[in-house]
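J.: Can you read through this structure? Questions will come right after.
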Amino acid sequence: MVPHLVTALTGPINELEQRILESTPVIERWFRLEWMEHTPPFYTSVDVRNAGFKLAPVDTNLFPSRWNLLSPDMMPLAVQAAMAAIEKICPEAKHLLLVPDNNTDPFYLDNLAQLQRIFFQAGLNVRLGSLSPAIKSPRTFDLPGGGSITLEPLVRSRRRLGLKHFDPCTIVLNTDLSAGAPGILEDLHEQYLLPPLHAGWGIRRKSNHFKAYEEVAKRFGKLLGMDPWLINPLFTRCGQVDFSEAQGLEGLRSHVDALLGKIRRKYKEYGINEKPFVVVKADHGTGGLGVLTVRDAKDIDAMSPAVRERMSTVQAGQPVSEVIIQEGVLTNERINAAVAEPVVYMMDRYVVGGFYRVHAQRGTDENLNLPGAGFVPLAFEQSAILPQPGAKPGASAPNRFYMYGVIGRLAMLAAAYELEATDPDAEVYE
């Protein structure tokens with residue numbers, strides 16, 4: 001199913017689409033050269049918002065779950081991408097250890113089973129090692145669609161991590177480390193740990209990512225001769241905020257007001273008759289927690305105690321003291337009457353699939369990553385890599401999906417920059 005665009009606002013995006021399609025050889029060569037200099041994250045998912053006048057990423061996840069939502073059509077590409085990633089990291093790899101989140105919800109376990117299938121078909125023996133203290137011996141869970149999956153207790157030696165009678169050369173994390181890295185994952189110098197520990201939300205900050213993305217967008221805009229704002233959400237960062245005690249809110253209000261002013265000026269420049277808004281998010285963490293839509297700086301003063309309490313913590317009960325204030329990007333796509341946003345999935349440097357997140361109870365300017373969201377699989381196998389240059393702008397689903405793949409890869413490149421800049425083991429030259 002392909003969502004329809006609200007056509008009243010598609011003018012600038014049509015121009016952007018035309019520019020991207022005309023520049024496909026230039027774009028693909030540029031990406032190719034970038035990947036010669038930078039290492040892509042092992043796997044990535046990117047939430048993209050299409051306002052009709054602007055197309056931009058709003059969140060980048062380096063520990064993506066929900067692989068089970070992708071269309072069966074994406075499996076060949078995903079397996080090929082997994083082969084490329086593993087070959088680059090550990091060509092002689094036979095065993096891969098997948099370390100999941102401490103979540104035994106059937107939907108999440110189905111995601112793990114899909115990842116296990118992908119790596120198995122890439123030529124690896126794959127087993128799952130749980131961080132949960134409740135897993136003291138191998139435990140098998142039935143899956144919603146049939147089949148089962150087995151979680152086993154991790155076994156740590158002095159230098160290596162594995163399972164009983166299973167010694168992998170590569171360990172893939174599918175947990176975002178919101179509460180920080182457990183000691184059992186530290187100092188594994190003899191094995192490849194993907195993604196690295198500093199990609200976890202205990203260390204990672206969204207403001208670092210979007211600072212890197214801003215740099216990528218500027219370079220891409222220069223390459224195509226376009227305003228980078230069309231693909232880049234403006235943002236600012238505010239620290240020393242305590243929502244539960246209502247402290248630091250004056251500074252937050254000031255940052256919100258300043259950013260709204262910048263957005264108004266861009267809207268005026270492009271003749272956009274929409275009311276700008278910003279999204280206040282915890283600077284760490286994901287999963288739709290710690291997110292607030294703000295349309296006026298006065299909204300900060302009017303926050304109820306319940307809203308402040310909701311904003312005060314994210315996953316694993318981690319307190320919020322730093323926030324990113326991000327330009328809100330409308331989503332002007334619909335499936336039936338429900339608001340929809342595309343989520344692009346990548347492994348290594350390849351787009352392998354995606355889906356639409358759909359929420360009938362949310363508005364065009366609201367976070368959709370909340371309970372009640374539905375999902376519509378989307379096969380990117382052809383459309384993300386084979387655009388149709390002769391098609392009329394705005395009328396071709398493959399062209400729109402190709403654009404989403406470009407934006408997803410720009411965000412993935414920004415994540416590569418971000419991980420390089422925050423790597424604690426990187427050599428620093430004066």
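Residues are referred to by chain and number: the chain letter is A, B, ... according to the order shown in the structure tokens, the number counts from 1 in that chain, and ligands are numbered separately from 1 in the order shown.
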Please return as a PyMOL selection string: the residues of region 42-218 of chain A that backbone DSSP assigns to helix (DSSP H, G or I).

T.: chain A and resi 67-69+72-89+106-121+183-185+197-199+206-218

J.: Would you pick out the contacts of Ala179 (chain A) at 10 Å or less, using only C-alpha atoms, so that residues sharing its chain but fewer than 2 positions from it are not included, and give the list as a ChimeraX atom specification?

T.: /A:176-177,181-182,200-203,285,314-318

J.: With C-alpha atoms retained, could you export that selection as a PDB file, in the first residue's frame?

T.:
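Output file part39.pdb follows:
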ATOM      1  CA  ASP A 176      20.026   0.288  22.933  1.00  0.00           C
ATOM      2  CA  LEU A 177      21.857   0.346  26.302  1.00  0.00           C
ATOM      3  CA  ALA A 181      26.628  -0.690  29.125  1.00  0.00           C
ATOM      4  CA  PRO A 182      26.612  -3.655  31.524  1.00  0.00           C
ATOM      5  CA  GLY A 200      24.209   3.218  23.151  1.00  0.00           C
ATOM      6  CA  TRP A 201      21.846   5.818  24.605  1.00  0.00           C
ATOM      7  CA  GLY A 202      23.763   5.806  27.885  1.00  0.00           C
ATOM      8  CA  ILE A 203      26.432   7.812  25.986  1.00  0.00           C
ATOM      9  CA  GLY A 285      16.834   7.682  24.539  1.00  0.00           C
ATOM     10  CA  VAL A 314      12.953   8.022  29.443  1.00  0.00           C
ATOM     11  CA  GLN A 315      13.740   4.298  29.062  1.00  0.00           C
ATOM     12  CA  ALA A 316      14.986   2.364  32.034  1.00  0.00           C
ATOM     13  CA  GLY A 317      13.827   5.251  34.252  1.00  0.00           C
ATOM     14  CA  GLN A 318      16.759   7.430  33.197  1.00  0.00           C
TER      15      GLN A 318
END

J.: One decimal, Å: what's the distance from CA of Leu185 (chain A) over to CA of Ser321 (chain A), could you say?

T.: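 Here the two named atoms are 26.2 Å from each other.
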
J.: Among region 32-222 of chain A, which ones does DSSP assign to strand (DSSP E) (computed from the backbone)? Answer as a ChimeraX atom specification.

T.: /A:43-50,55-61,95-100,125-130,139-142,148-153,155-156,161-162,170-174,192-194

J.: For region 65-76 of chain A, please output as a PDB file with C-alpha atoms, in the first residue's frame all residues within 9 Å (counting only C-alpha atoms; exclusion window: fewer than 2 positions along the same chain).

T.:
ATOM      1  CA  SER A  45      16.653   2.824  10.868  1.00  0.00           C
ATOM      2  CA  PHE A  63      19.808  -0.546  17.347  1.00  0.00           C
ATOM      3  CA  ALA A  78      19.057  -7.768   3.662  1.00  0.00           C
ATOM      4  CA  VAL A  79      20.967 -11.050   3.354  1.00  0.00           C
ATOM      5  CA  GLN A  80      23.290  -9.548   0.734  1.00  0.00           C
ATOM      6  CA  ALA A  81      23.889  -6.489   2.946  1.00  0.00           C
ATOM      7  CA  PHE A 107       6.318  -9.007  18.735  1.00  0.00           C
ATOM      8  CA  TYR A 108       9.921  -8.212  19.745  1.00  0.00           C
ATOM      9  CA  ASP A 110       9.532 -12.099  16.137  1.00  0.00           C
ATOM     10  CA  ASN A 111      11.953  -9.284  15.256  1.00  0.00           C
ATOM     11  CA  LEU A 112      14.844 -11.338  16.686  1.00  0.00           C
ATOM     12  CA  ALA A 113      13.748 -14.375  14.676  1.00  0.00           C
ATOM     13  CA  GLN A 114      13.835 -12.284  11.489  1.00  0.00           C
ATOM     14  CA  LEU A 115      17.363 -11.065  12.277  1.00  0.00           C
ATOM     15  CA  ILE A 118      18.932 -12.917   7.846  1.00  0.00           C
ATOM     16  CA  ASN A 174      19.871  -5.394  19.550  1.00  0.00           C
ATOM     17  CA  THR A 175      19.517  -3.478  22.797  1.00  0.00           C
ATOM     18  CA  TYR A 345      15.867   0.381   7.236  1.00  0.00           C
ATOM     19  CA  VAL A 352      17.092  -2.906   2.504  1.00  0.00           C
ATOM     20  CA  GLY A 353      13.479  -2.010   3.275  1.00  0.00           C
ATOM     21  CA  GLY A 354      11.088   0.061   5.293  1.00  0.00           C
ATOM     22  CA  PHE A 355       7.547   0.491   6.499  1.00  0.00           C
ATOM     23  CA  PHE A 375       2.558  -0.503  10.541  1.00  0.00           C
ATOM     24  CA  VAL A 376       2.343  -1.066   6.791  1.00  0.00           C
ATOM     25  CA  PRO A 377       5.318  -2.955   5.276  1.00  0.00           C
ATOM     26  CA  LEU A 378       6.946  -1.378   2.258  1.00  0.00           C
ATOM     27  CA  ALA A 379       9.240  -3.225  -0.151  1.00  0.00           C
ATOM     28  CA  PHE A 380      12.187  -1.012  -1.069  1.00  0.00           C
ATOM     29  CA  GLU A 381      13.898  -3.796  -3.056  1.00  0.00           C
TER      30      GLU A 381
END

J.: Closest to Gly52 (chain A) among A:Glu333, A:Asp301, A:Glu274, A:Glu418, using only C-alpha atoms?

T.: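 For Gly52 (chain A), the nearest of the given residues is A:Glu333.
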
J.: Can you tell me which residues surround Leu193 (chain A) at a distance of at most 9 Å, considering only C-alpha atoms, apart from same-chain residues fewer than 2 positions away, and format the answer as number ranges by chain?

T.: A: 169-173, 185, 188-189, 191, 195-197

J.: Would you put the residues from that selection into a file with N, CA, C and O atoms, as a CSV table (one decimal), in the first residue's frame?

T.:
chain,number,residue,atom,x,y,z
A,169,CYS,N,33.0,-14.9,16.9
A,169,CYS,CA,34.0,-13.8,16.6
A,169,CYS,C,33.3,-12.5,16.6
A,169,CYS,O,33.9,-11.4,16.8
A,170,THR,N,31.9,-12.5,16.3
A,170,THR,CA,31.2,-11.2,16.2
A,170,THR,C,30.0,-11.2,17.1
A,170,THR,O,29.3,-12.3,17.2
A,171,ILE,N,29.7,-10.1,17.8
A,171,ILE,CA,28.6,-10.0,18.7
A,171,ILE,C,27.7,-8.8,18.1
A,171,ILE,O,28.3,-7.7,18.0
A,172,VAL,N,26.5,-9.0,17.9
A,172,VAL,CA,25.6,-7.9,17.4
A,172,VAL,C,24.6,-7.6,18.5
A,172,VAL,O,23.9,-8.5,19.0
A,173,LEU,N,24.5,-6.3,18.9
A,173,LEU,CA,23.6,-5.9,20.0
A,173,LEU,C,22.3,-5.4,19.3
A,173,LEU,O,22.3,-4.7,18.4
A,185,LEU,N,29.7,-6.6,28.9
A,185,LEU,CA,29.9,-6.2,27.5
A,185,LEU,C,31.2,-5.4,27.3
A,185,LEU,O,31.6,-5.1,26.2
A,188,LEU,N,35.9,-6.3,25.5
A,188,LEU,CA,35.9,-7.4,24.7
A,188,LEU,C,36.8,-7.2,23.5
A,188,LEU,O,36.4,-7.1,22.3
A,189,HIS,N,38.1,-7.0,23.7
A,189,HIS,CA,39.0,-6.6,22.7
A,189,HIS,C,39.3,-7.7,21.7
A,189,HIS,O,39.9,-7.4,20.6
A,191,GLN,N,37.0,-9.6,20.3
A,191,GLN,CA,35.8,-9.8,19.5
A,191,GLN,C,35.2,-8.5,18.9
A,191,GLN,O,35.5,-7.4,19.4
A,195,PRO,N,26.5,-2.7,17.2
A,195,PRO,CA,27.3,-1.5,17.2
A,195,PRO,C,28.2,-1.3,18.4
A,195,PRO,O,28.0,-2.0,19.4
A,196,PRO,N,29.1,-0.4,18.4
A,196,PRO,CA,30.0,-0.2,19.6
A,196,PRO,C,29.2,0.3,20.8
A,196,PRO,O,28.1,0.9,20.6
A,197,LEU,N,29.8,0.2,22.0
A,197,LEU,CA,29.2,0.6,23.2
A,197,LEU,C,28.8,2.1,23.2
A,197,LEU,O,27.8,2.5,23.8

J.: Counting only C-alpha atoms, which residues of region 39-66 of chain A fall within 12 Å of region 15-28 of chain A, and what is the closest atom pair for each with its distance in Å at one decimal, ordered by chain and rising number, as a Markdown table?

T.:
| residue | atom | partner | partner_atom | distance |
| --- | --- | --- | --- | --- |
| A:Asn50 | CA | A:Leu16 | CA | 11.8 |
| A:Gly52 | CA | A:Leu16 | CA | 10.2 |
| A:Phe53 | CA | A:Leu16 | CA | 9.0 |
| A:Lys54 | CA | A:Leu16 | CA | 8.8 |
| A:Leu55 | CA | A:Leu16 | CA | 9.0 |
| A:Ala56 | CA | A:Leu16 | CA | 11.9 |

J.: Would you compute the distance between CA of Val48 (chain A) and CA of Tyr356 (chain A)? Give it in Å to one decimal.

T.: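 It comes out at 9.7 Å.
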
J.: Tell me which protein, DNA and RNA residues are within 12 Å of Asp242 (chain A), counting only C-alpha atoms, leaving out same-chain ones fewer than 2 positions away, and put them as an MDAnalysis selection string.

T.: chainID A and resid 238:240 244:252 282 308:313 319:323

J.: Distance CA of Leu97 (chain A)-CA of Thr422 (chain A), one decimal place?

T.: 25.0 Å

J.: Using only C-alpha atoms, which residue out of A:Met226, A:Ala416, A:Val351, A:Ala122 lies closest to Trp35 (chain A)?

T.: A:Ala416

J.: Restricting the calculation to only C-alpha atoms, which member of A:Ala340, A:Leu98, A:Val307, A:Leu292 is positioned closest to Gly328 (chain A)?

T.: A:Leu292

J.: Using only C-alpha atoms for the distances, tell me which of A:Leu260, A:Ile335, A:Ala415, A:Ile89 is nearest to Phe277 (chain A).

T.: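 That would be A:Leu260, the residue with the smallest distance to Phe277 (chain A).
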
J.: Could you name the residues that touch Leu259 (chain A) at 12 Å or less, counting only C-alpha atoms, but leaving out those on the same chain fewer than 4 positions away, as JSON, numbers by chain?

T.: {"A": [233, 234, 235, 236, 237, 238, 252, 253, 254, 255, 263, 264, 265, 266, 276, 277, 278, 279, 280, 294, 295, 296, 297, 324, 325, 326, 327, 328]}

J.: Pick from A:Leu413, A:Ile149, A:Ala421, A:Ile407: nearest to Leu33 (chain A), with only C-alpha atoms counted?

T.: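 Among the listed residues, A:Leu413 lies closest to Leu33 (chain A).
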